[in-house]
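Below is one structure, written out as structure tokens, with a few remarks after it.
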Amino acid sequence: MSTVPTQIRIDPETKRKASELFSALGLDMSGAVNLFLHQCILHNGLPFAVEIPSYSDKTIAAMEEARHISSDPDIKGYTTMAELKAALLED
């Protein structure tokens with residue numbers, strides 16, 4: 001498929017930030033713009049958000065704790081609210 005050169009005007013800071021983001025996603029500016037345009041055509045409008053999620057340190061720590069709790073056979077689990085309530089009232 002042949003391509004045609006296209007010019008767009010972007011302020012330097014926006015271009016730098018977008019280029020860094022696209023690079024982290026494995027894209028260059030041309031690839032990202034082409035992806036966006038193809039998706040616009042497929043969806044007949046603005047299609048989606050492409051982003052790298054960012055989580056706070058507190059959220060990451062909570063996810064790691066949840067993974068640990070769910071995979072540690074020595075940590076007591078409860079299958080009903082009644083079991084949990086009884087365990088809480090024991091202390």
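By convention in this document, the chains of the structure tokens carry letters A, B, ... by their order, each chain's residues are numbered from 1, and ligands are numbered from 1 in the order they are shown.
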Apply DSSP to the backbone of this structure and, from chain A, keep only the residues in alpha helix (DSSP H); write these as a VMD selection string. chain A and resid 12 to 24 29 to 43 57 to 71 81 to 90
Give me, as a list in words, all polymer residues having an atom no more than 12 Å from range 8-14 of chain A, counting only C-alpha atoms and skipping those fewer than 5 positions away in the same chain. Ser19, Glu20, Leu21, Phe22, Met29, Ser30 and Val33 of chain A
What is the distance between CA of Ala62 in chain A and CA of Asp74 in chain A, in Å to one decimal? 18.8 Å
Point out the residue among A:Glu65, A:Arg16, A:Gly26, A:Thr80 with the least atom-to-atom distance to Ile52 in chain A, counting only C-alpha atoms.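 With only C-alpha atoms as the atom set, the closest residue is A:Gly26.
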